[in-house]
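Coordinates as given in data_25.tsv (TSV, C-alpha atoms and all ligand atoms):
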chain	number	residue	atom	x	y	z
M	58	MET	CA	93.21	105.48	57.87
M	59	LYS	CA	95.56	106.29	55.01
M	60	LYS	CA	95.99	103.71	52.26
M	61	GLU	CA	99.67	103.08	52.99
M	62	GLU	CA	99.00	102.40	56.66
M	63	GLU	CA	96.29	99.92	55.76
M	64	TYR	CA	98.69	98.16	53.49
M	65	ASN	CA	101.43	98.05	56.12
M	66	GLU	CA	98.99	96.76	58.70
M	67	ALA	CA	98.10	93.85	56.45
M	68	MET	CA	101.58	93.11	55.12
M	69	PRO	CA	104.51	94.46	57.11
M	70	PHE	CA	106.88	92.38	54.99
M	71	ALA	CA	107.25	92.13	51.23
M	72	TYR	CA	108.63	89.36	49.10
M	73	GLY	CA	108.39	88.46	45.44
M	74	LYS	CA	108.31	92.10	44.46
M	75	ILE	CA	110.73	94.99	44.40
M	76	ALA	CA	111.58	96.08	47.95
M	77	GLU	CA	110.88	99.80	48.10
M	78	ASN	CA	110.44	102.50	50.73
M	79	LYS	CA	109.77	100.90	54.13
M	80	ASP	CA	110.39	97.42	52.74
M	81	PHE	CA	113.94	98.28	51.78
M	82	ALA	CA	116.70	97.78	54.35
M	83	GLY	CA	120.43	98.45	54.51
M	84	ARG	CA	122.65	98.41	51.41
M	85	GLU	CA	124.12	101.84	52.23
M	86	LYS	CA	127.54	101.00	50.78
M	87	ASP	CA	126.05	99.43	47.65
M	88	ILE	CA	123.82	102.47	47.16
M	89	GLU	CA	126.84	104.75	47.47
M	90	HIS	CA	128.89	102.62	45.09
M	91	LEU	CA	126.20	102.36	42.43
M	92	THR	CA	125.32	106.06	42.69
M	93	ALA	CA	128.98	107.00	42.22
M	94	ASN	CA	129.20	104.73	39.17
M	95	PHE	CA	126.06	106.21	37.67
M	96	LYS	CA	127.25	109.75	38.25
M	97	GLY	CA	130.75	108.98	37.01
M	98	HIS	CA	129.59	107.22	33.81
M	99	VAL	CA	131.07	103.94	34.93
M	100	ASN	CA	129.19	101.05	33.37
M	101	THR	CA	128.21	98.47	35.95
M	102	THR	CA	127.27	94.84	36.09
M	103	ILE	CA	125.62	93.44	39.20
M	104	ILE	CA	126.01	89.78	39.96
M	105	SER	CA	124.54	87.80	42.83
M	106	PRO	CA	122.66	84.58	43.40
M	107	ARG	CA	118.91	84.71	42.93
M	108	ARG	CA	116.75	87.02	45.00
M	109	TRP	CA	119.44	88.78	46.93
M	110	GLY	CA	118.14	92.20	45.95
M	111	LYS	CA	119.71	93.35	42.66
M	112	THR	CA	116.51	94.71	41.14
M	113	SER	CA	115.52	96.41	44.40
M	114	LEU	CA	118.93	98.02	44.76
M	115	VAL	CA	118.91	99.39	41.21
M	116	GLN	CA	115.36	100.66	41.59
M	117	HIS	CA	116.26	102.35	44.87
M	118	VAL	CA	119.19	104.20	43.35
M	119	LEU	CA	117.23	105.14	40.22
M	120	THR	CA	114.38	106.54	42.29
M	121	MET	CA	116.84	108.70	44.19
M	122	LEU	CA	118.60	109.95	41.07
M	123	SER	CA	115.41	110.56	39.13
M	124	LYS	CA	114.71	113.43	41.54
M	125	ASP	CA	117.81	115.16	40.21
M	126	LYS	CA	116.98	117.12	37.05
M	127	LYS	CA	120.44	116.38	35.62
M	128	TYR	CA	119.52	112.74	34.96
M	129	TYR	CA	117.22	110.77	32.77
M	130	THR	CA	116.72	107.32	34.27
M	131	ALA	CA	115.44	104.31	32.36
M	132	LYS	CA	114.98	100.75	33.57
M	133	VAL	CA	113.93	98.00	31.25
M	134	ASP	CA	113.23	94.37	32.09
M	135	ILE	CA	113.86	92.19	29.05
M	136	PHE	CA	112.76	88.89	30.57
M	137	ASN	CA	109.97	88.51	28.02
M	138	CYS	CA	111.99	89.71	25.03
M	139	ARG	CA	112.85	86.62	23.07
M	140	THR	CA	114.01	88.32	19.86
M	141	GLU	CA	116.13	91.34	18.96
M	142	GLU	CA	113.02	93.15	17.73
M	143	GLN	CA	111.25	92.63	21.02
M	144	PHE	CA	114.37	93.86	22.80
M	145	PHE	CA	114.48	97.04	20.72
M	146	THR	CA	110.80	97.70	21.20
M	147	SER	CA	111.03	97.45	25.00
M	148	TYR	CA	114.26	99.40	24.96
M	149	VAL	CA	112.90	102.28	22.91
M	150	ASN	CA	109.78	102.51	25.06
M	151	ALA	CA	111.81	102.66	28.26
M	152	ILE	CA	114.22	105.26	26.92
M	153	MET	CA	111.54	107.50	25.47
M	154	LYS	CA	109.36	107.27	28.57
M	155	ALA	CA	112.31	108.37	30.67
M	156	THR	CA	112.35	111.61	28.70
M	157	ALA	CA	108.61	112.22	28.34
M	158	THR	CA	105.96	111.22	30.83
M	159	LYS	CA	102.97	112.66	28.98
M	160	PHE	CA	101.54	111.09	25.83
M	161	ASP	CA	101.84	114.20	23.66
M	162	ALA	CA	105.44	114.83	24.59
M	163	PHE	CA	106.17	111.13	24.10
M	164	THR	CA	104.77	110.97	20.55
M	165	GLN	CA	106.56	114.16	19.64
M	166	ALA	CA	109.90	112.92	20.94
M	167	VAL	CA	109.54	109.53	19.26
M	168	LYS	CA	108.74	111.20	15.92
M	169	GLN	CA	111.72	113.46	16.32
M	170	TYR	CA	114.23	110.72	17.08
M	171	LEU	CA	112.73	107.63	15.46
M	172	GLY	CA	110.54	108.98	12.70
M	173	SER	CA	112.13	106.71	10.08
M	174	PHE	CA	110.76	103.63	11.88
M	175	SER	CA	107.13	104.55	11.07
M	176	PRO	CA	106.17	104.60	14.78
M	177	LYS	CA	102.67	103.47	15.74
M	178	PHE	CA	101.30	104.62	19.07
M	179	SER	CA	98.83	102.95	21.34
M	180	ILE	CA	97.23	104.13	24.52
M	181	SER	CA	95.41	102.17	27.20
M	182	ASP	CA	93.34	103.22	30.16
M	183	ASP	CA	92.22	100.60	32.70
M	184	GLY	CA	90.42	103.18	34.81
M	185	GLN	CA	93.35	103.39	37.24
M	186	LYS	CA	96.25	104.27	35.03
M	187	VAL	CA	96.74	105.58	31.53
M	188	ASP	CA	99.56	103.84	29.73
M	189	PHE	CA	100.97	104.29	26.28
M	190	SER	CA	103.59	102.72	24.07
M	191	VAL	CA	105.08	102.80	20.62
M	192	SER	CA	105.84	100.01	18.18
M	193	LEU	CA	108.32	100.39	15.37
M	194	ASP	CA	108.47	98.94	11.91
M	195	PHE	CA	111.73	97.04	11.71
M	196	HIS	CA	111.09	95.81	8.19
M	197	ASP	CA	111.41	99.19	6.63
M	198	LYS	CA	114.60	99.27	4.57
M	199	ASN	CA	115.51	102.69	5.91
M	200	TYR	CA	115.83	101.67	9.46
M	201	SER	CA	119.15	101.60	11.14
M	202	ILE	CA	119.62	99.90	14.48
M	203	ASP	CA	122.41	102.38	15.12
M	204	ASP	CA	119.79	105.06	15.70
M	205	ILE	CA	118.25	103.00	18.47
M	206	LEU	CA	121.51	102.03	20.08
M	207	ASP	CA	122.70	105.62	20.09
M	208	LEU	CA	119.37	106.99	21.29
M	209	PRO	CA	120.26	107.71	24.96
M	210	GLN	CA	123.52	109.36	23.97
M	211	ARG	CA	121.84	111.54	21.34
M	212	ILE	CA	119.11	112.64	23.72
M	213	ALA	CA	121.57	113.26	26.54
M	214	THR	CA	123.72	115.44	24.28
M	215	ASP	CA	120.73	117.37	22.89
M	216	LYS	CA	119.27	118.03	26.32
M	217	LYS	CA	122.60	118.50	28.08
M	218	LYS	CA	121.74	115.83	30.62
M	219	ASN	CA	123.07	112.42	31.61
M	220	PHE	CA	121.28	109.19	30.90
M	221	ILE	CA	121.25	106.15	33.16
M	222	VAL	CA	120.09	103.01	31.41
M	223	CYS	CA	119.51	99.84	33.45
M	224	ILE	CA	118.70	96.53	31.83
M	225	ASP	CA	117.33	93.76	34.04
M	226	GLU	CA	117.37	90.06	33.07
M	227	PHE	CA	120.18	90.85	30.65
M	228	GLN	CA	121.12	87.17	30.32
M	229	THR	CA	118.17	86.75	27.93
M	230	VAL	CA	120.28	88.31	25.15
M	231	ASN	CA	122.19	85.03	25.11
M	232	GLU	CA	119.12	83.33	23.65
M	233	TYR	CA	118.66	85.50	20.57
M	234	ASP	CA	119.35	84.13	17.07
M	235	ASP	CA	122.87	85.50	16.88
M	236	PRO	CA	123.74	86.24	20.50
M	237	ILE	CA	127.41	87.05	19.99
M	238	GLY	CA	126.78	89.27	16.97
M	239	PHE	CA	124.04	91.06	18.86
M	240	GLN	CA	126.20	91.65	21.93
M	241	ARG	CA	129.03	92.88	19.71
M	242	LYS	CA	126.72	95.46	18.18
M	243	LEU	CA	125.55	96.68	21.58
M	244	ARG	CA	129.01	96.95	22.99
M	245	ALA	CA	130.46	98.68	19.92
M	246	HIS	CA	127.94	101.49	20.36
M	247	TRP	CA	127.65	101.69	24.09
M	248	GLN	CA	131.33	101.96	24.79
M	249	LEU	CA	131.44	105.22	22.81
M	250	HIS	CA	128.73	106.90	24.85
M	251	ASN	CA	130.17	109.44	27.23
M	252	SER	CA	126.91	110.82	28.63
M	253	VAL	CA	125.30	107.48	29.44
M	254	SER	CA	125.89	104.97	32.25
M	255	TYR	CA	124.76	101.46	31.56
M	256	CYS	CA	123.89	98.99	34.29
M	257	LEU	CA	123.37	95.41	33.21
M	258	PHE	CA	122.19	92.68	35.55
M	259	GLY	CA	119.88	89.71	35.80
M	260	SER	CA	118.82	86.67	37.71
M	261	LYS	CA	120.87	83.91	36.07
M	262	ARG	CA	124.20	84.27	37.76
M	263	HIS	CA	125.92	81.58	35.78
M	264	MET	CA	124.90	83.01	32.38
M	265	LEU	CA	125.87	86.52	33.41
M	266	MET	CA	129.27	85.33	34.56
M	267	ASP	CA	129.73	83.90	31.09
M	268	ILE	CA	128.65	87.12	29.38
M	269	PHE	CA	130.81	89.43	31.51
M	270	GLY	CA	133.59	87.25	32.82
M	271	ASN	CA	134.55	85.27	29.73
M	272	TYR	CA	137.13	87.08	27.75
M	273	GLU	CA	135.98	85.69	24.44
M	274	MET	CA	132.61	87.35	24.89
M	275	PRO	CA	131.92	90.91	23.63
M	276	PHE	CA	130.94	92.22	27.06
M	277	TYR	CA	134.12	91.07	28.76
M	278	ARG	CA	135.35	93.93	30.98
M	279	PHE	CA	132.46	96.16	30.01
M	280	GLY	CA	132.60	97.91	33.33
M	281	ASP	CA	132.69	97.55	37.06
M	282	ILE	CA	131.40	94.19	38.28
M	283	MET	CA	129.62	94.44	41.63
M	284	PHE	CA	129.29	91.12	43.43
M	285	LEU	CA	126.39	91.85	45.70
M	286	GLU	CA	126.65	90.38	49.19
M	287	LYS	CA	123.84	89.47	51.52
M	288	ILE	CA	122.59	92.20	53.85
M	289	PRO	CA	124.30	91.77	57.26
M	290	GLU	CA	122.52	89.92	60.06
M	291	ASP	CA	122.22	92.87	62.43
M	292	VAL	CA	120.69	95.12	59.76
M	293	MET	CA	118.09	92.55	58.80
M	294	SER	CA	117.24	91.56	62.37
M	295	LYS	CA	116.75	95.23	63.36
M	296	PHE	CA	114.54	95.59	60.29
M	297	VAL	CA	112.39	92.64	61.40
M	298	VAL	CA	112.12	93.95	64.96
M	299	LYS	CA	111.05	97.37	63.69
M	300	ARG	CA	108.43	96.07	61.28
M	301	PHE	CA	106.84	94.02	64.09
M	302	LYS	CA	106.91	97.05	66.38
M	303	ASP	CA	105.42	99.36	63.74
M	304	THR	CA	102.41	97.08	63.50
M	305	GLY	CA	101.81	96.69	67.22
M	306	LYS	CA	103.47	93.28	67.69
M	307	THR	CA	106.76	92.24	69.27
M	308	ILE	CA	109.69	90.02	68.39
M	309	SER	CA	112.81	90.06	70.56
M	310	PRO	CA	116.11	91.09	68.92
M	311	LYS	CA	117.50	87.64	69.79
M	312	LEU	CA	114.67	85.78	68.08
M	313	ALA	CA	114.75	88.12	65.07
M	314	ALA	CA	118.46	87.33	64.69
M	315	GLU	CA	117.67	83.61	64.89
M	316	LEU	CA	114.99	84.03	62.24
M	317	VAL	CA	117.48	85.76	59.94
M	318	ARG	CA	120.09	83.04	60.50
M	319	MET	CA	117.56	80.26	59.96
M	320	VAL	CA	117.31	81.27	56.30
M	321	ASP	CA	121.01	81.99	56.04
M	322	LEU	CA	120.50	85.77	55.65
M	323	HIS	CA	118.65	85.34	52.36
M	324	PRO	CA	116.71	88.62	51.90
M	325	TYR	CA	113.69	87.12	50.16
M	326	TYR	CA	113.25	84.32	52.68
M	327	ILE	CA	113.82	86.66	55.63
M	328	GLN	CA	110.85	88.70	54.46
M	329	GLN	CA	108.76	85.61	53.80
M	330	LEU	CA	109.59	83.92	57.09
M	331	ALA	CA	109.07	87.16	59.00
M	332	GLN	CA	105.69	87.64	57.32
M	333	GLN	CA	104.58	84.09	58.07
M	334	SER	CA	105.74	84.42	61.68
M	335	TRP	CA	104.00	87.79	62.00
M	336	LEU	CA	100.73	86.30	60.77
M	337	ARG	CA	100.91	83.58	63.43
M	338	THR	CA	101.71	86.07	66.19
M	339	ALA	CA	98.94	87.60	68.29
M	340	ASP	CA	101.17	89.89	70.40
M	341	VAL	CA	104.61	88.46	71.04
M	342	CYS	CA	106.41	86.17	68.61
M	343	SER	CA	107.96	82.98	70.02
M	344	GLU	CA	110.58	80.52	68.87
M	345	GLU	CA	107.86	77.90	68.28
M	346	ILE	CA	106.02	80.30	65.98
M	347	VAL	CA	109.12	80.99	63.87
M	348	LYS	CA	109.90	77.28	63.63
M	349	SER	CA	106.39	76.38	62.60
M	350	ALA	CA	106.36	79.21	60.02
M	351	CYS	CA	109.64	77.95	58.63
M	352	ASN	CA	108.37	74.36	58.42
M	353	SER	CA	105.29	75.51	56.61
M	354	ILE	CA	107.35	77.40	54.00
M	355	VAL	CA	109.55	74.34	53.44
M	356	ALA	CA	106.41	72.21	53.12
M	357	GLN	CA	104.95	74.61	50.55
M	358	LEU	CA	108.10	74.34	48.50
M	359	SER	CA	108.52	70.60	48.81
M	360	LEU	CA	106.78	69.75	45.54
M	361	LEU	CA	109.11	72.12	43.72
M	362	PHE	CA	112.13	70.57	45.41
M	363	SER	CA	110.95	67.01	44.67
M	364	ASN	CA	110.63	67.93	40.99
M	365	LEU	CA	114.08	69.44	41.05
M	366	MET	CA	115.47	66.23	42.58
M	367	ASP	CA	113.75	64.18	39.87
M	368	SER	CA	115.68	66.14	37.28
M	369	LEU	CA	119.05	65.30	38.86
M	370	THR	CA	121.21	62.20	38.50
M	371	PRO	CA	121.88	60.06	41.61
M	372	LYS	CA	125.47	61.32	41.71
M	373	GLN	CA	124.38	64.94	41.51
M	374	ILE	CA	122.00	64.31	44.42
M	375	ASN	CA	124.77	62.72	46.44
M	376	PHE	CA	126.96	65.69	45.65
M	377	LEU	CA	124.28	67.96	47.15
M	378	TYR	CA	124.14	65.79	50.28
M	379	ALA	CA	127.90	66.16	50.61
M	380	ILE	CA	127.62	69.96	50.42
M	381	VAL	CA	124.83	69.94	53.01
M	382	ASP	CA	127.11	67.87	55.27
M	383	GLY	CA	129.79	70.54	54.95
M	384	VAL	CA	132.26	68.45	52.93
M	385	ASP	CA	135.28	70.44	51.78
M	386	ASN	CA	137.49	68.01	49.97
M	387	PHE	CA	135.37	66.29	47.37
M	388	SER	CA	138.24	64.44	45.78
M	389	SER	CA	139.29	62.52	48.89
M	390	THR	CA	138.90	58.78	48.54
M	391	GLU	CA	136.83	58.63	51.69
M	392	VAL	CA	134.32	61.24	50.44
M	393	LEU	CA	134.12	59.71	46.96
M	394	LYS	CA	133.32	56.38	48.53
M	395	LYS	CA	130.94	57.60	51.24
M	396	TYR	CA	128.80	59.56	48.77
M	397	SER	CA	129.27	57.20	45.79
M	398	LEU	CA	130.54	60.02	43.61
M	399	GLY	CA	132.60	57.85	41.26
M	400	THR	CA	136.12	58.91	40.43
M	401	SER	CA	137.66	62.25	41.34
M	402	ALA	CA	137.64	63.18	37.62
M	403	ASN	CA	133.85	63.18	37.93
M	404	ILE	CA	133.73	65.91	40.55
M	405	LYS	CA	134.29	68.78	38.15
M	406	ASN	CA	131.45	67.62	35.89
M	407	LEU	CA	129.08	67.20	38.81
M	408	ARG	CA	129.95	70.63	40.14
M	409	ASN	CA	129.67	72.32	36.74
M	410	ALA	CA	126.30	70.74	36.03
M	411	LEU	CA	124.89	72.05	39.32
M	412	VAL	CA	126.51	75.47	38.97
M	413	SER	CA	125.24	75.92	35.42
M	414	ARG	CA	121.71	75.33	36.67
M	415	ASP	CA	122.23	77.88	39.44
M	416	ILE	CA	121.54	75.25	42.09
M	417	VAL	CA	125.01	75.46	43.54
M	418	ASP	CA	127.00	78.62	43.90
M	419	LEU	CA	130.70	79.01	43.52
M	420	MET	CA	131.79	82.49	44.52
M	421	PRO	CA	135.45	83.38	44.09
M	422	GLY	CA	137.37	82.49	47.25
M	423	LYS	CA	134.33	81.05	49.00
M	424	LYS	CA	133.08	77.63	49.93
M	425	MET	CA	130.65	75.93	47.59
M	426	GLU	CA	127.05	76.61	48.64
M	427	ILE	CA	123.56	75.53	47.69
M	428	GLN	CA	121.87	78.76	46.59
M	429	ASP	CA	118.47	78.20	48.12
M	430	PRO	CA	118.53	77.98	51.95
M	431	MET	CA	115.05	76.45	52.04
M	432	PHE	CA	116.28	73.70	49.73
M	433	VAL	CA	119.08	73.07	52.22
M	434	LEU	CA	116.57	72.79	55.08
M	435	TRP	CA	114.44	70.46	52.98
M	436	LEU	CA	117.46	68.30	52.07
M	437	LYS	CA	118.48	68.12	55.73
M	438	GLY	CA	115.04	66.80	56.61
M	439	LEU	CA	115.10	64.04	53.99
M	440	LYS	CA	115.58	60.40	54.80
M	441	ARG	CA	118.60	59.48	52.75
M	442	PRO	CA	119.33	56.19	51.15
M	443	ILE	CA	123.01	56.65	52.04
M	501	LIG	N1	117.33	95.93	50.52
M	501	LIG	C1	116.39	95.03	50.84
M	501	LIG	N2	115.76	95.12	52.04
M	501	LIG	C2	114.83	94.21	52.39
M	501	LIG	N3	114.44	93.20	51.63
M	501	LIG	C3	115.02	93.06	50.43
M	501	LIG	C4	116.02	93.97	49.97
M	501	LIG	N4	116.42	93.58	48.75
M	501	LIG	C5	115.70	92.49	48.45
M	501	LIG	N5	114.86	92.16	49.45
M	501	LIG	C6	113.93	90.99	49.49
M	501	LIG	O1	114.36	90.07	48.50
M	501	LIG	C7	113.34	89.91	47.48
M	501	LIG	C8	114.03	89.80	46.13
M	501	LIG	O2	114.55	91.05	45.76
M	501	LIG	P1	114.89	91.41	44.26
M	501	LIG	O3	113.80	91.01	43.36
M	501	LIG	O4	115.34	92.83	44.26
M	501	LIG	O5	116.15	90.45	44.05
M	501	LIG	P2	116.90	90.05	42.72
M	501	LIG	O6	118.32	89.81	43.11
M	501	LIG	O7	116.64	91.06	41.66
M	501	LIG	O8	116.17	88.68	42.36
M	501	LIG	P3	116.30	87.82	41.00
M	501	LIG	O9	117.63	87.17	41.07
M	501	LIG	O10	115.16	86.85	41.10
M	501	LIG	O11	116.16	88.80	39.87
M	501	LIG	C9	112.42	91.11	47.62
M	501	LIG	O12	111.12	90.79	47.20
M	501	LIG	C10	112.50	91.37	49.12
M	501	LIG	O13	111.65	90.48	49.81
M	502	MG	MG	115.85	90.77	39.72
Go ahead and render the structure in this file as structure tokens.
Ligand SMILES: Nc1ncnc2c1ncn2[C@@H]1O[C@H](COP(=O)(O)OP(=O)(O)OP(=O)(O)O)[C@@H](O)[C@H]1O
Ligand SMILES: [Mg+2]
Amino acid sequence: MKKEEEYNEAMPFAYGKIAENKDFAGREKDIEHLTANFKGHVNTTIISPRRWGKTSLVQHVLTMLSKDKKYYTAKVDIFNCRTEEQFFTSYVNAIMKATATKFDAFTQAVKQYLGSFSPKFSISDDGQKVDFSVSLDFHDKNYSIDDILDLPQRIATDKKKNFIVCIDEFQTVNEYDDPIGFQRKLRAHWQLHNSVSYCLFGSKRHMLMDIFGNYEMPFYRFGDIMFLEKIPEDVMSKFVVKRFKDTGKTISPKLAAELVRMVDLHPYYIQQLAQQSWLRTADVCSEEIVKSACNSIVAQLSLLFSNLMDSLTPKQINFLYAIVDGVDNFSSTEVLKKYSLGTSANIKNLRNALVSRDIVDLMPGKKMEIQDPMFVLWLKGLKRPI
């Protein structure tokens, strides 16, 4: 049996990692949109609540475009970069690796473009994969950050190609020593690049909204903002049905749709719930199986949710209960009284506190929602004091 088939047999669903190949469903319009932006040099920001599939979407489009010789594609995740220097190191490595996949070509290209940074190369081989990287000396007086920021544009012009540069977890730049100054520098350079498309996204929706949607911030109106939606119910339920079928088991289209709705169409939890249901299924999946799989996921998460609750004030908790109950008008006297929310002036503070922690989501023109559907299920199952 081939390796891939073995893998699929054991795990027909994938969560907590980038959804690729058979694990990737739908998103046709988003793929088209992002591809057109990349090809048309339109800078793009992707915003969505956590785990809706931003990273997977970008990876999918990059993989497609990397097959086209006209493009260099680089993706860098800056989650672990806590300083500007760490940012630049990761950035340079990603850009240079996009242009040279072999060590010799890599060292040569780095020396050509970044020789003044006294580059030091390292190479590792864990028996499975050879990896290499470069570190730069940022303390050398001769260095100029401009050279790094203009790197993709310079390479693209030299090689008569286009560069696509994607930066994941971009919100981390807000934590550097001089976040505004840093962002100003990036923007000043990047907006002049006519052979590069930048795509900036990350997992902290609230922070990204501040970076891209606040007109006092350097990245205000940097490019096209894509608000990613969930993948539609029918696409995801067909996906679930097919993955069961591919591995010799069955789930009815009706039950698959129920499964998808149970987690409010959340892509990550659909894959997790489907996987847990699949594991419990001998031949044909039943409603009881899906329910028990769902309960077990909520139970697994309950410690996390209890800790989260401990970090909230009683009024914030009551505010969450009100959302779970479908309350619309938070300022009505009746609601304020029923949920002990204090005065109506309080509501904005309560909402902002929960939004800034990405617990509650406030999408333009939509009803307030709790981001995590499993948290909603857990809250619904709680015995409330009120
Ligand atoms: N197109 C898709 N088809 C099927 N499943 C998907 C798809 N996109 C995402 N998922 C599921 O959602 C999970 C999270 O995806 P991904 O990491 O791409 O989201 P994200 O928005 O980047 O998350 P975060 O906000 O944490 O950065 C994946 O592990 C996978 O289970
Ligand atoms: Mg991500």
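The two atoms in question, atom CA of M:Leu243 and atom CA of M:Met264, are spaced 17.4 Å apart.
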Item to complete: Would you mind telling me which residue in M:Phe70, M:Tyr277, M:Phe145, M:Trp109 lies nearest to M:Pro289 when using all atoms listed in the file?
Response: M:Trp109
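You can rank M:Phe174, M:Phe258, M:Tyr272, M:Phe362 by their closest distance to ligand MG 502 (chain M) using all atoms listed in the file, and at the top of that list sits M:Phe258.
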Worksheet item: What does the distance between atom CA of M:Asp194 and atom CA of M:Ile268 come to in Å, to one decimal place?
Response: 29.2 Å
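With all atoms listed in the file taken into account, the protein and nucleic acid residues at most 12 Å from M:Asn78 (excluding it and anything under 2 positions from it in its own chain) are M:Glu61, M:Asn65, M:Pro69, M:Phe70, M:Ala71, M:Ile75, M:Ala76, M:Asp80, M:Phe81, M:Ala82, M:Gly83, M:Ser113, M:Leu114, M:Gln116, M:His117, M:Val118, M:Thr120, M:Met121.
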Discussion item. Need to verify the contact set: M:Lys159, 12 Å, only C-alpha atoms, exclusion of same-chain residues closer than 5 positions in sequence. Can you return it as a list in words?
Written reply: Met153, Lys154, Thr164, Gln165, Ala166, Ile180, Val187, Asp188, Phe189 and Ser190 of chain M
File dump, residues just selected, C-alpha atoms, as a PDB file, in the coordinates of the input:
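See selection01.pdb below for the written result:
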ATOM      1  CA  MET M 153     111.540 107.500  25.470  1.00  0.00           C
ATOM      2  CA  LYS M 154     109.360 107.270  28.570  1.00  0.00           C
ATOM      3  CA  THR M 164     104.770 110.970  20.550  1.00  0.00           C
ATOM      4  CA  GLN M 165     106.560 114.160  19.640  1.00  0.00           C
ATOM      5  CA  ALA M 166     109.900 112.920  20.940  1.00  0.00           C
ATOM      6  CA  ILE M 180      97.230 104.130  24.520  1.00  0.00           C
ATOM      7  CA  VAL M 187      96.740 105.580  31.530  1.00  0.00           C
ATOM      8  CA  ASP M 188      99.560 103.840  29.730  1.00  0.00           C
ATOM      9  CA  PHE M 189     100.970 104.290  26.280  1.00  0.00           C
ATOM     10  CA  SER M 190     103.590 102.720  24.070  1.00  0.00           C
TER      11      SER M 190
END
Practice prompt. Quote the spacing between atom CA of M:Met431 and atom CA of M:Lys86 in Å to one decimal place.
Written response: 27.6 Å
Report as a Markdown table: every residue of chain M with an atom at most 6 Å from ligand MG 502 (chain M), its closest pair of atoms, and their distance in Å to one decimal, counting all atoms listed in the file, with rows sorted by chain and ascending residue number.
| residue | atom | partner | partner_atom | distance |
| --- | --- | --- | --- | --- |
| M:Lys111 | CA | M:MG502 | MG | 5.5 |
| M:Thr112 | CA | M:MG502 | MG | 4.2 |
| M:Gly259 | CA | M:MG502 | MG | 5.7 |
| M:Ser260 | CA | M:MG502 | MG | 5.4 |
Discussion item. Around (115.0, 77.4, 49.1), as given in the file, which residues come within 10 Å? Count all atoms listed in the file and list them as a PyMOL selection string.
Written reply: chain M and resi 320+323+325-326+354-355+358-359+361-362+416+427-436
If I only have part of stretch 136-147 of chain M, can you fill in N, CA and C atoms and write it as a short mmCIF file (atom, residue, chain, number, x, y, z; two decimals), keeping the file's coordinate frame?
data_model
loop_
_atom_site.label_atom_id
_atom_site.label_comp_id
_atom_site.auth_asym_id
_atom_site.auth_seq_id
_atom_site.Cartn_x
_atom_site.Cartn_y
_atom_site.Cartn_z
N PHE M 136 113.04 90.31 30.34
CA PHE M 136 112.76 88.89 30.57
C PHE M 136 111.88 88.28 29.47
N ASN M 137 110.89 89.05 29.02
CA ASN M 137 109.97 88.51 28.02
C ASN M 137 110.39 88.80 26.58
N CYS M 138 111.54 89.39 26.39
CA CYS M 138 111.99 89.71 25.03
C CYS M 138 112.79 88.54 24.48
N ARG M 139 112.18 87.82 23.58
CA ARG M 139 112.85 86.62 23.07
C ARG M 139 113.55 86.85 21.73
N THR M 140 113.35 88.02 21.13
CA THR M 140 114.01 88.32 19.86
C THR M 140 114.63 89.72 19.95
N GLU M 141 115.50 90.01 19.00
CA GLU M 141 116.13 91.34 18.96
C GLU M 141 115.06 92.42 18.80
N GLU M 142 114.07 92.14 17.96
CA GLU M 142 113.02 93.15 17.73
C GLU M 142 112.27 93.46 19.01
N GLN M 143 111.95 92.40 19.76
CA GLN M 143 111.25 92.63 21.02
C GLN M 143 112.14 93.43 21.98
N PHE M 144 113.42 93.11 21.96
CA PHE M 144 114.37 93.86 22.80
C PHE M 144 114.31 95.33 22.44
N PHE M 145 114.44 95.63 21.14
CA PHE M 145 114.48 97.04 20.72
C PHE M 145 113.19 97.76 21.03
N THR M 146 112.08 97.06 20.90
CA THR M 146 110.80 97.70 21.20
C THR M 146 110.73 98.09 22.69
N SER M 147 111.05 97.14 23.56
CA SER M 147 111.03 97.45 25.00
C SER M 147 112.04 98.55 25.32
#
